[in-house]
>>> print(open('structure.cif').read())   # mmCIF, C-alpha atoms
data_run
loop_
_atom_site.label_atom_id
_atom_site.label_comp_id
_atom_site.auth_asym_id
_atom_site.auth_seq_id
_atom_site.Cartn_x
_atom_site.Cartn_y
_atom_site.Cartn_z
CA ASN A 181 -13.05 -11.41 -34.52
CA ALA A 182 -11.65 -13.39 -31.62
CA GLY A 183 -13.43 -16.56 -30.66
CA VAL A 184 -14.77 -17.51 -27.25
CA MET A 185 -11.96 -17.03 -24.76
CA GLN A 186 -11.73 -19.09 -21.62
CA ASN A 187 -9.13 -18.75 -18.91
CA PRO A 188 -7.31 -20.28 -17.39
CA ARG A 189 -6.81 -23.30 -19.65
CA HIS A 190 -5.71 -25.36 -16.69
CA LEU A 191 -6.52 -24.81 -13.04
CA VAL A 192 -5.35 -26.84 -10.06
CA ARG A 193 -7.08 -26.41 -6.73
CA ARG A 194 -6.77 -28.20 -3.41
CA ARG A 195 -9.89 -29.66 -1.85
CA GLY A 196 -11.86 -26.94 -0.08
CA GLN A 197 -10.55 -24.06 -2.19
CA GLU A 198 -12.57 -21.95 -4.59
CA ALA A 199 -12.31 -22.18 -8.36
CA ARG A 200 -13.19 -19.28 -10.67
CA LEU A 201 -13.49 -19.95 -14.38
CA ARG A 202 -13.80 -17.08 -16.83
CA CYS A 203 -15.42 -16.87 -20.23
CA SER A 204 -15.39 -13.95 -22.64
CA PRO A 205 -17.98 -14.51 -25.38
CA MET A 206 -17.46 -13.65 -29.00
CA LYS A 207 -17.96 -10.00 -29.85
CA GLY A 208 -21.63 -9.23 -30.29
CA HIS A 209 -22.79 -12.37 -28.47
CA SER A 210 -25.12 -11.84 -25.56
CA HIS A 211 -25.85 -15.47 -24.64
CA VAL A 212 -23.44 -17.64 -22.67
CA TYR A 213 -23.70 -21.35 -21.82
CA TRP A 214 -21.58 -23.43 -19.49
CA TYR A 215 -21.07 -27.17 -19.94
CA ARG A 216 -19.15 -29.71 -17.91
CA GLN A 217 -17.33 -32.70 -19.36
CA LEU A 218 -16.37 -35.40 -16.91
CA PRO A 219 -13.58 -37.77 -17.98
CA GLU A 220 -14.63 -40.06 -20.84
CA GLU A 221 -18.10 -38.51 -21.01
CA GLY A 222 -20.00 -36.07 -23.20
CA LEU A 223 -20.68 -32.46 -22.36
CA LYS A 224 -23.50 -31.81 -19.91
CA PHE A 225 -25.39 -28.51 -19.87
CA MET A 226 -25.04 -26.54 -16.67
CA VAL A 227 -26.39 -23.03 -17.09
CA TYR A 228 -27.53 -20.49 -19.69
CA LEU A 229 -27.08 -16.79 -19.04
CA GLN A 230 -27.76 -13.51 -20.72
CA LYS A 231 -26.30 -10.24 -19.54
CA GLU A 232 -27.17 -9.87 -15.83
CA ASN A 233 -29.70 -12.71 -15.99
CA ILE A 234 -29.68 -16.44 -15.38
CA ILE A 235 -32.13 -17.90 -17.89
CA ASP A 236 -31.81 -21.64 -17.28
CA GLU A 237 -29.79 -23.23 -14.49
CA SER A 238 -31.41 -26.65 -14.64
CA GLY A 239 -28.05 -28.40 -14.97
CA MET A 240 -26.28 -26.67 -12.10
CA PRO A 241 -25.57 -28.63 -8.92
CA LYS A 242 -27.67 -27.24 -6.11
CA GLU A 243 -24.77 -26.39 -3.85
CA ARG A 244 -21.35 -24.79 -4.25
CA PHE A 245 -21.82 -23.80 -7.91
CA SER A 246 -22.83 -20.38 -9.15
CA ALA A 247 -22.58 -18.43 -12.38
CA GLU A 248 -22.87 -14.84 -13.42
CA PHE A 249 -22.65 -12.77 -16.58
CA PRO A 250 -22.35 -9.12 -15.53
CA LYS A 251 -23.13 -6.12 -17.67
CA GLU A 252 -19.41 -5.54 -18.10
CA GLY A 253 -16.75 -8.21 -18.16
CA PRO A 254 -16.62 -11.95 -18.63
CA SER A 255 -18.98 -14.61 -17.43
CA ILE A 256 -17.76 -16.36 -14.29
CA LEU A 257 -18.43 -19.91 -13.17
CA ARG A 258 -17.61 -20.19 -9.49
CA ILE A 259 -17.17 -23.42 -7.58
CA GLN A 260 -16.82 -23.11 -3.83
CA GLN A 261 -15.16 -25.68 -1.58
CA VAL A 262 -14.10 -27.88 -4.47
CA VAL A 263 -14.06 -31.67 -4.13
CA ARG A 264 -12.28 -34.30 -6.22
CA GLY A 265 -15.51 -35.01 -8.11
CA ASP A 266 -15.44 -31.47 -9.52
CA SER A 267 -12.38 -32.39 -11.59
CA ALA A 268 -13.52 -32.00 -15.19
CA ALA A 269 -13.25 -29.86 -18.28
CA TYR A 270 -15.58 -26.88 -18.20
CA PHE A 271 -16.63 -25.42 -21.53
CA CYS A 272 -18.19 -22.11 -22.30
CA ALA A 273 -20.14 -21.39 -25.48
CA SER A 274 -21.69 -18.18 -26.74
CA SER A 275 -24.32 -17.27 -29.29
CA PRO A 276 -25.87 -14.10 -30.66
CA ASN A 277 -29.39 -12.98 -29.89
CA THR A 278 -31.43 -14.02 -32.94
CA GLY A 279 -34.72 -14.65 -31.19
CA GLY A 280 -34.11 -18.34 -30.74
CA TRP A 281 -34.15 -19.72 -34.25
CA TYR A 282 -30.84 -21.51 -34.50
CA PRO A 283 -28.40 -19.14 -33.00
CA GLU A 284 -25.22 -21.13 -33.57
CA ALA A 285 -23.19 -21.68 -30.44
CA PHE A 286 -19.40 -21.26 -30.59
CA PHE A 287 -17.27 -23.05 -28.04
CA GLY A 288 -14.19 -21.99 -26.16
CA GLN A 289 -11.28 -24.36 -25.61
CA GLY A 290 -12.36 -25.20 -22.10
CA THR A 291 -10.79 -25.02 -18.66
CA ARG A 292 -9.49 -28.25 -17.20
CA LEU A 293 -9.99 -28.17 -13.45
CA THR A 294 -8.00 -30.62 -11.36
CA VAL A 295 -8.75 -30.93 -7.67
CA VAL A 296 -5.94 -32.45 -5.61
CA ALA F 148 -36.45 -34.17 -21.84
CA GLN F 149 -34.27 -35.19 -24.73
CA THR F 150 -31.75 -38.03 -24.76
CA VAL F 151 -28.99 -38.76 -27.24
CA THR F 152 -27.40 -42.20 -27.48
CA GLN F 153 -24.15 -43.15 -29.16
CA SER F 154 -23.73 -46.90 -28.89
CA GLN F 155 -20.20 -47.16 -30.32
CA PRO F 156 -17.63 -46.08 -27.71
CA GLU F 157 -14.70 -46.66 -30.09
CA MET F 158 -14.19 -47.20 -33.79
CA SER F 159 -11.23 -47.60 -36.05
CA VAL F 160 -10.87 -47.02 -39.79
CA GLN F 161 -8.00 -47.14 -42.22
CA GLU F 162 -6.91 -44.04 -44.01
CA ALA F 163 -8.92 -43.36 -47.20
CA GLU F 164 -11.69 -45.71 -46.12
CA THR F 165 -15.26 -44.81 -45.15
CA VAL F 166 -16.68 -45.06 -41.64
CA THR F 167 -20.17 -44.50 -40.22
CA LEU F 168 -20.83 -43.35 -36.67
CA SER F 169 -24.25 -44.04 -35.18
CA CYS F 170 -26.52 -41.83 -33.13
CA THR F 171 -30.10 -42.20 -31.96
CA TYR F 172 -32.15 -39.71 -30.03
CA ASP F 173 -35.43 -39.47 -28.24
CA THR F 174 -37.64 -36.39 -28.19
CA SER F 175 -41.25 -35.31 -28.35
CA GLU F 176 -40.28 -32.05 -30.04
CA SER F 177 -41.10 -31.43 -33.69
CA ASN F 178 -38.69 -28.56 -34.36
CA TYR F 179 -35.06 -29.24 -33.64
CA TYR F 180 -31.53 -29.39 -34.97
CA LEU F 181 -29.06 -32.23 -34.81
CA PHE F 182 -25.31 -31.81 -34.85
CA TRP F 183 -22.07 -33.71 -35.02
CA TYR F 184 -19.15 -32.16 -33.16
CA LYS F 185 -15.53 -33.22 -33.34
CA GLN F 186 -13.24 -32.97 -30.32
CA PRO F 187 -9.56 -33.57 -31.13
CA PRO F 188 -6.93 -33.95 -28.40
CA SER F 189 -6.72 -30.15 -28.20
CA ARG F 190 -10.17 -30.35 -26.59
CA GLN F 191 -11.64 -27.70 -28.91
CA MET F 192 -15.25 -28.47 -29.87
CA ILE F 193 -15.54 -28.17 -33.64
CA LEU F 194 -18.88 -28.21 -35.43
CA VAL F 195 -18.72 -30.79 -38.23
CA ILE F 196 -22.23 -30.76 -39.63
CA ARG F 197 -25.79 -29.84 -38.71
CA GLN F 198 -29.22 -31.01 -39.84
CA GLU F 199 -32.51 -29.20 -39.53
CA ALA F 200 -35.28 -31.64 -38.62
CA TYR F 201 -37.74 -30.06 -41.01
CA LYS F 202 -35.46 -30.72 -43.99
CA GLN F 203 -35.77 -34.11 -45.62
CA GLN F 204 -32.52 -33.74 -47.54
CA ASN F 205 -29.49 -35.08 -45.73
CA ALA F 206 -26.80 -32.50 -44.94
CA THR F 207 -23.35 -32.81 -46.48
CA GLU F 208 -20.10 -30.95 -45.83
CA ASN F 209 -17.27 -32.06 -48.08
CA ARG F 210 -16.27 -35.56 -46.86
CA PHE F 211 -18.90 -35.57 -44.12
CA SER F 212 -22.53 -36.50 -44.65
CA VAL F 213 -25.40 -37.61 -42.50
CA ASN F 214 -28.18 -40.16 -42.81
CA PHE F 215 -31.13 -38.57 -41.05
CA GLN F 216 -34.08 -40.87 -40.44
CA LYS F 217 -36.62 -38.75 -38.58
CA ALA F 218 -39.22 -41.45 -37.99
CA ALA F 219 -36.58 -43.79 -36.60
CA LYS F 220 -34.91 -40.92 -34.70
CA SER F 221 -31.58 -41.88 -36.13
CA PHE F 222 -28.77 -39.54 -37.19
CA SER F 223 -25.59 -41.24 -38.39
CA LEU F 224 -22.41 -39.56 -39.63
CA LYS F 225 -20.49 -40.89 -42.62
CA ILE F 226 -16.89 -39.88 -43.09
CA SER F 227 -15.54 -40.63 -46.55
CA ASP F 228 -11.88 -40.81 -47.53
CA SER F 229 -10.83 -40.81 -43.87
CA GLN F 230 -7.73 -38.82 -43.00
CA LEU F 231 -5.37 -39.04 -40.05
CA GLY F 232 -6.62 -35.62 -38.93
CA ASP F 233 -10.09 -37.08 -38.46
CA THR F 234 -8.84 -38.92 -35.37
CA ALA F 235 -10.91 -37.47 -32.53
CA MET F 236 -13.92 -37.92 -30.29
CA TYR F 237 -17.18 -37.35 -32.13
CA PHE F 238 -20.28 -36.18 -30.31
CA CYS F 239 -23.83 -36.21 -31.55
CA ALA F 240 -25.98 -33.39 -30.14
CA PHE F 241 -29.61 -32.26 -30.11
CA MET F 242 -30.99 -28.73 -29.87
CA LYS F 243 -34.64 -27.83 -29.46
CA LEU F 244 -35.81 -24.92 -31.58
CA GLY F 245 -38.22 -22.17 -30.88
CA TRP F 246 -38.46 -18.56 -29.87
CA GLY F 247 -36.48 -17.96 -26.72
CA THR F 248 -34.95 -21.42 -26.42
CA ALA F 249 -31.48 -20.31 -27.55
CA SER F 250 -28.67 -22.83 -28.12
CA LYS F 251 -28.93 -25.35 -25.28
CA LEU F 252 -27.41 -28.62 -26.50
CA THR F 253 -27.88 -32.19 -25.31
CA PHE F 254 -24.87 -34.37 -26.11
CA GLY F 255 -24.32 -38.09 -26.48
CA THR F 256 -21.43 -39.82 -24.74
CA GLY F 257 -19.23 -39.79 -27.81
CA THR F 258 -17.44 -42.16 -30.16
CA ARG F 259 -13.66 -42.24 -30.20
CA LEU F 260 -12.51 -42.58 -33.82
CA GLN F 261 -9.00 -43.70 -34.64
CA VAL F 262 -7.78 -43.39 -38.22
CA THR F 263 -4.86 -45.71 -38.96
CA LEU F 264 -2.36 -45.97 -41.78
#
>>> encode(input="structure.cif", output="structure tokens")
Amino acid sequence: NAGVMQNPRHLVRRRGQEARLRCSPMKGHSHVYWYRQLPEEGLKFMVYLQKENIIDESGMPKERFSAEFPKEGPSILRIQQVVRGDSAAYFCASSPNTGGWYPEAFFGQGTRLTVV
Amino acid sequence: AQTVTQSQPEMSVQEAETVTLSCTYDTSESNYYLFWYKQPPSRQMILVIRQEAYKQQNATENRFSVNFQKAAKSFSLKISDSQLGDTAMYFCAFMKLGWGTASKLTFGTGTRLQVTL
């Protein structure tokens, strides 16, 4: 059973370009979470999605950031018109649907985005 | 909202010695989990240990154990017989429990642990 797969591992974008980060959850997992880790900081929650639904986006910046988890395919975190401050490691985690009582979250290895 | 505080940015311990990492948290919730995650240079987030708030007994996993003081909202991690492979960033994290709340985690800022010869 493969773990949470994120790609690419490293992504370099020029200011103003778009960044697309992909996350394939573990098999059987229907919940996906995105976190951002700025340099020398802890992970900060961005968004929680289930298939075709955004459940909690309280940590998402209001502009330029969006996320989706379609019925088929990976979850995508999209950052439009990137700026240097978007440079960070972006982590995806997934969990099964167990009704909410401690569904353990499994993390991918992250995508390091560098904006030049 | 929950907050998690790790007041030790860096710590160092000699191989085979014991080290304790501190964590405090603030919440008004009564049902929650607490976690310690390890992040080595590979960047992979590895779950080290978890503690259910409703359990009085402190969790242990081999060389790792916690001291959970619910009233004081304190959750420290003790690493015994430290090994070079324990060198990593360690993050304390909080998760609220309840139907439909899923696995949203609140992390502290981390403690960088260096194990030396």
>>> resolve_selection(input="structure.cif", expression="the PyMOL selection byres ((chain A) within 10 of (chain F))", output="PyMOL selection string")
chain A and resi 211-215+217+220-228+235-236+269+271+273-292
>>> atom_distance(input="structure.cif", atom1="atom CA of A:Ser238", atom2="atom CA of A:Arg216")
13.1 Å
>>> atom_distance(input="structure.cif", atom1="atom CA of A:Arg258", atom2="atom CA of A:Pro205")
16.9 Å
>>> atom_distance(input="structure.cif", atom1="atom CA of F:Ala235", atom2="atom CA of F:Gln149")
24.7 Å
>>> closest_residue(input="structure.cif", among="F:Val213, F:Val166, F:Ala200, F:Leu260", to="F:Gln186", atoms="all atoms listed in the file")
F:Leu260
>>> resolve_selection(input="structure.cif", expression="the PyMOL selection byres ((chain F and resi 210) around 6)", output="list in words")
Asn209, Phe211, Ile226 and Ser227 of chain F
>>> residues_around(input="structure.cif", residues="F:Ala148", least_positions_apart="6", cutoff="9 Å", atoms="all atoms listed in the file", output="ChimeraX atom specification")
/F:173-175
>>> closest_residue(input="structure.cif", among="F:Trp183, F:Gln161, F:Lys202, F:Thr150", to="F:Gln261", atoms="only C-alpha atoms")
F:Gln161
>>> residues_around(input="structure.cif", residues="A:Pro254", least_positions_apart="5", cutoff="12 Å", atoms="only C-alpha atoms", output="number ranges by chain")
A: 184-187, 200-207, 209-212, 229-232, 247-249, 272, 274
